[in-house]
Every structure is written in structure tokens, then in C-alpha cells.
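Before any comments, here is the structure.
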Amino acid sequence: MLEGINLYKVFESGFISKRRIVAVDGVNLKIDEGETLVLVGESGSGKSTLGRMLLLLIKPTIGEVHFNGLNLTRIKAKELRKIRQKMQLIPQHPEDALDPRWRIQDSIAEPLRIHNRMNKSEEKETIYKLVEMVGLQEEHLTRYPHELSGGELQRAVIARAITLNPKFIVCDEPTSMLDVSVQASIINLLLDLQNKLGLAYLFITHDLEVAKAIADRIAVMYCGQIVEEGIKIFEEPLHPYTKMLVKSLGINGTFNTGVEFKVELKQDIQNISINQKGCKFYHLCPERTDVCLKQPETIKINGRKVKCWLYN
Amino acid sequence: MNDVLVVKDLQVHFILENTSVKAVDGVSFNVHKGETLALIGESGRGKSVLGMTILRLLPKNVRVNGKILFNESNLLELPEEELRKIRGKEIALIPQNPATSLNPVLKVGIQIAEPMEIHLGIDRKTAMQRVVNLLNYFDINPAEKRINEYPHQYSGGMKQRALVAMGTSTKPKLIIADEPTKGVDVTKKLRVVELFRRTKESNKLSLLIITHDLPFAEKLADRIAVMYCGQIVETCDAKTFFEEPLHPYSKALLDSLPSRGLKPIKGYSPSMVNPPKGCRFHPRCEYATSKCLEEPPPIANGNGVRCWLYA
């Protein structure tokens, strides 16, 4: 249903001496109808940029985004606006996503007012239905964002995201600021809505446990590239980076402090990795060889995609 | 003396215009010498307030009852002058939000040196030399250059390490760390664990960690105290807590972890103004009986659980 082809995003800063940051570096991605694709990676690996690029909230430097056969990078802004009804975003910080001077009901109704032009009573009915669906009470509707707790705010944001019956939602770390028990209820809500409405999710997270619990497929991102993608990635990781993630973070909610981690402590790895020619993971990789100084291709093995010379 | 800190029947009530919020309501616990105690619970349950109360950093509209014994003196009754000698010297607080806890217009080096100048009475030059050593120790490189930088030039993780460096600079006996992993990437949490381990081992101090991050607590803590609605409902050693928790709230909390089924705790967190009668967890508890609705359970002897199931 949704496809990103060869996506790049380069941010430039500075006027005379330009600093270039390649946030997303040649990503190909496909999401089917009703599917959950989980995107995991460290902060700064380009997860959020990629998510926003798929919604055309950030324009890709190179590459195309196709949605139901339409090339979104080519169509006019007016048409794109229509398509946007079908694609929504649930951001990381719900408190920043709602207008502090609007009542919750106005925030939830805004997409309706922009797109559908329903009359007042229809609008009210729709909102009540939505609010019930996401597990809020009617009394929350007339409140302002500062009067709600983090979990309630996130529910309101979810309600707003599903007002227009979207087909695809990018969830950008929707639970990373919440308590464990609230996190559990929000994730259950998202899964429930997926069943009812046939939604497809791109779920961005850095929590491997959450990823494992909800994913149909998982994609691992490192320094702007997807290094591994497929099902049951954490059970048998192929790429050395995924192996390191799984090994150092453990998979049952426990950490293992080991040798790999010590390397990381020494210096800021991100800067080195971004500028690394060839495989981005070169200097941390325990299995590196000389061939790794050249850019590896993404190859398919048993339904899994891996970007590593080990498997070429 | 085996306990660094003893808290006895502590109550902290915020007095508002016509109500009072019972943020901490009859809490007792102790921190042994050289151990790490993790205080866990959901947000808004009075954990941070407890940390602040120990150092008397709360605003004026609070009423505090009970005892906080540190080295056998009651911190709640000490005159302000005496307390200042303890704050930052004997007990250090690592605040919740590293991004807003450093002074943005002062160089980081000077900020870290300040407690040493005040409490150890050493001059700026010697203090700065120690700061360089500390920064090297906490991997803020190159330290000589970094001491002259401002907080905005530090990354989030570096700010946090700078705060830990500041906290340990005077060799305190107890460090209180408030949500040290909040907003920290899973991949970076490991660093925080390692950081606290190192700090503890090299200084032989005690740690009181306030957190809702269960995997983090599991990795670091020797003992766990679970807080719910202003009260401690279970205290036990970390291994027991994660293997066989006793209190229904502890069980529910663990069940909501992604690795243990992602089951949310049913119902809503109760109000702190009018907490439920009887056991405060009864509206959300699946084992609740009529007794739980009426009488608040005592803390059972032996296992430290506040529940009628074990009383």
C-alpha cells in the first residue's frame, strides 16, 4: 500500500561553509494494508525523519513515496492534502501536539472541520463515538490539555488521528514518555484500533521489548540506513549491529554490560559512523574485514533483508 | 550503625486553598550502608516529593510530619545552617531533568567545582584540577576543553554525567537520583547503569534511586520499595521482587511490561486528595475482599507487604 523508494534526506546548515547531515541514506520500505512495521534504532539514527518523510511532512531530497499507486512526491499540494486524510501521525510528545488554548473536543474535531464540513450535530456524534473508542470520558472533552494526564492526552491525540478513517498511521515513539502500565494500555488501544479499522502502522520505537510485542515485521535502522529487515529479527539476528543490540540490551528486559558496550563508552560514536565510508558500522563491528570499507548492498536471505558483506 | 538513612512514618501534605494533597502518607523505610534502594511506582505517586523532602527542598505550603534520620540526627528538625552542611556534602541529589538543572549562563566546570569550594574549602584552582579528573573519569572528553564550555554545548547524556560528577565530587555518603533514565534512549540506558555502578563501587556510597523504569531498577538495585498512592506497599530485595512479587500492585506493574504480556492495570489512578478508604489499591485489585474496602491493611511482618492477603 505504501512504498518508499530510494529515499534520501540531507539537512544543510550554515551559510558559507555548509555542514551537511545525511539523516536518511537510501532507504527502501514497503508497508502493506493492516500491517505493523516497527522501526527500531538509537536516537539520532533517522527514524523520525524517515517517518515524517513517508507522510511528506518532510520533503525527501531524493526518492519517491508511493501510496496506493499514487506518486506523492509528484502530485500537487492540493491533491496531497486530500491524500493526507488517509495518512496520519501520532507524535512522541502529546502535550506539544495539542493546542494549549483549545478544548480537547476542538482539537479532535479540527480534521473534520478542515476536510468534511459536517454539520454540528453530526460532528458531535462522531466525536462522542471516537472518544468512546479511545477510552476517554465525555467530561474530558471540555477540558484543556493541561488538565489531562499524559496517558489521557495520548488517547486524545489518537482520537484525532483516527477521525478521518485513515489507512496508515506513523506512530513516533508514542509511549516513550509514559509509565509502564500506561504504556501497556496505550499499546493495547493501538492494537485494538488496528483490528477494528484495518490500520497499517509504522511504529517507531527504541524499545526492543515493545517492538517484539507488537511487530509483524521489524526494520533496524543505523545511521540513516536500514541494516536489517524481516520477521523474528531479534530471535536470530544476522547483521552485526542487530546482534549487538540484542546482546547488549538483552531481550527479556535485562541489560548485559559487556565488551561491546565498553567500546561505545569511549567516544561519541555517532559522529564517526555518519562520516564512515562504506559500511557505517565498520569501526564498531567485531566481524569487519577490508571489504567492509566499500558500501555493502542490501541482499535477501530467506525473506530477510540484510545490508552486510558477511552475507554477500 | 548499619543504616545511612532511616525514614519513619513520614507524611508530606501540600496545603492548598481548601484541600490538601497527601503526596506522601505514612512512609517508612531505611537505606543500608553501601546498598542501592530503588523506589518505584507510577508517576504522580509521590516518589519525587519523597526525595525532595529528605533534603527539605520543598515549597512553604507543605506540612511534614515524621522523622528522617541521617547519622542519627533528624533532618526535619535541623536548623537551616546545619542542613546546608549536609546538602551536597553528605547527601547529594541528582535531579530529574539534566537539561534544565544546569545553569545555562555558567561554564560547566565552575558549576561542578562549586560544591567542592563550598564544602571542602579548597580554592578554585585546585577544584578545577579535580573537575578535570572527574570529567575524564566520566568520559567527557577532552576534559580540559569541556570545563570551559556552557551546558548548551553538551549533549543530553553528557549533561547527565556532569550532574553525576557534581554529585560525587564531595564524596557524599548518600546519593538520591531522581528518574535518572527518564527520556533516555534504551541504548543509552546501559551507560547510566554503568555510570552508577562505577560511582558506587569507587566511593562506597549508598544510592536511593527514584524511578519507574523497572528493567533499570532490576539491573541496579539491591532492594526495591514499591510506592502506590503515597504509601510504600512492598519492600523486598530486588531478586524476590522480579521473581515472586507479593503485593497485587507489584504483580500488576510487572505484568504491564512488554516482556511480560503488556497487560495494563485496570481502572484509573486514584485521587491523592481523597484516597480510597481501606486499602488504596482496592478499586483496581483483583483480589479485593470486603475487608479491603473498610480497613487499611498493616505492613505485614517479615515480608514488608501492605496487603490483607499476607497480614
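Just remember, in the C-alpha cells the first chain shown is A, the second B, etc., residues are 1-based per chain, and ligands are 1-based in the order shown.
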| message | List the spatial neighbours of segment 69-79 of chain B as a ChimeraX atom specification - criterion: any atom at most 7 Å away, only C-alpha atoms, same-chain residues fewer than 4 positions off excluded. | response | /B:4-7,83
File of the preceding selection, C-alpha atoms, as a PDB file, in the first residue's frame:
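Printed below is selection.pdb as written:
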ATOM      1  CA  VAL B   4      22.638   5.510  56.409  1.00  0.00           C
ATOM      2  CA  LEU B   5      19.134   6.859  56.239  1.00  0.00           C
ATOM      3  CA  VAL B   6      16.069   5.967  58.253  1.00  0.00           C
ATOM      4  CA  VAL B   7      12.690   7.387  57.333  1.00  0.00           C
ATOM      5  CA  LEU B  83      21.341  21.295  56.975  1.00  0.00           C
TER       6      LEU B  83
END
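Non-sequential neighbours of Gly230 of chain A (distance at most 10 Å, separation of 3 or more positions within a chain, only C-alpha atoms) are Leu37, Asp216, Arg217, Ile218, Ala219, Val220, Ile233, Phe234, Pro237, Lys300, Ile301, Asn302, Gly303, Arg304, Lys305 and Val306 of chain A.
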| Skipping near chain neighbours, those fewer than 3 positions away, what residues fall within 9 Å of Leu164 of chain A using only C-alpha atoms, listed as a list of chain:residue names? | A:Gln85, A:Lys86, A:Pro111, A:Leu112, A:His115, A:Asn116, A:Arg160, A:Ala161
Would you mind exporting C-alpha atoms of the selected residues as a PDB file, in the first residue's frame?
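again.pdb, freshly written:
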ATOM      1  CA  GLN A  85      -6.784  12.233   5.237  1.00  0.00           C
ATOM      2  CA  LYS A  86      -5.645   8.666   4.783  1.00  0.00           C
ATOM      3  CA  PRO A 111      -9.628  17.421  10.982  1.00  0.00           C
ATOM      4  CA  LEU A 112     -13.394  17.078  10.433  1.00  0.00           C
ATOM      5  CA  HIS A 115     -11.965  18.121   5.422  1.00  0.00           C
ATOM      6  CA  ASN A 116     -15.574  17.089   5.771  1.00  0.00           C
ATOM      7  CA  ARG A 160      -7.720  12.985  16.491  1.00  0.00           C
ATOM      8  CA  ALA A 161      -5.543  10.791  14.302  1.00  0.00           C
TER       9      ALA A 161
END
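Note that DSSP on the backbone gives strand (DSSP E or B) to these residues of segment 156-299 of chain B: B:Leu174, B:Ile175, B:Ile176, B:Ala177, B:Asp178, B:Ser206, B:Leu207, B:Leu208, B:Ile209, B:Ile210, B:Thr211, B:Arg223, B:Ile224, B:Ala225, B:Val226, B:Met227, B:Tyr228, B:Gln231, B:Ile232, B:Val233, B:Glu234, B:Thr235, B:Cys236, B:Asp237, B:Ile299.
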| Distance-based interface of chain B with chain A, 6 Å, counting only C-alpha atoms, as a ChimeraX atom specification | /B:215,256,258-259,262-265
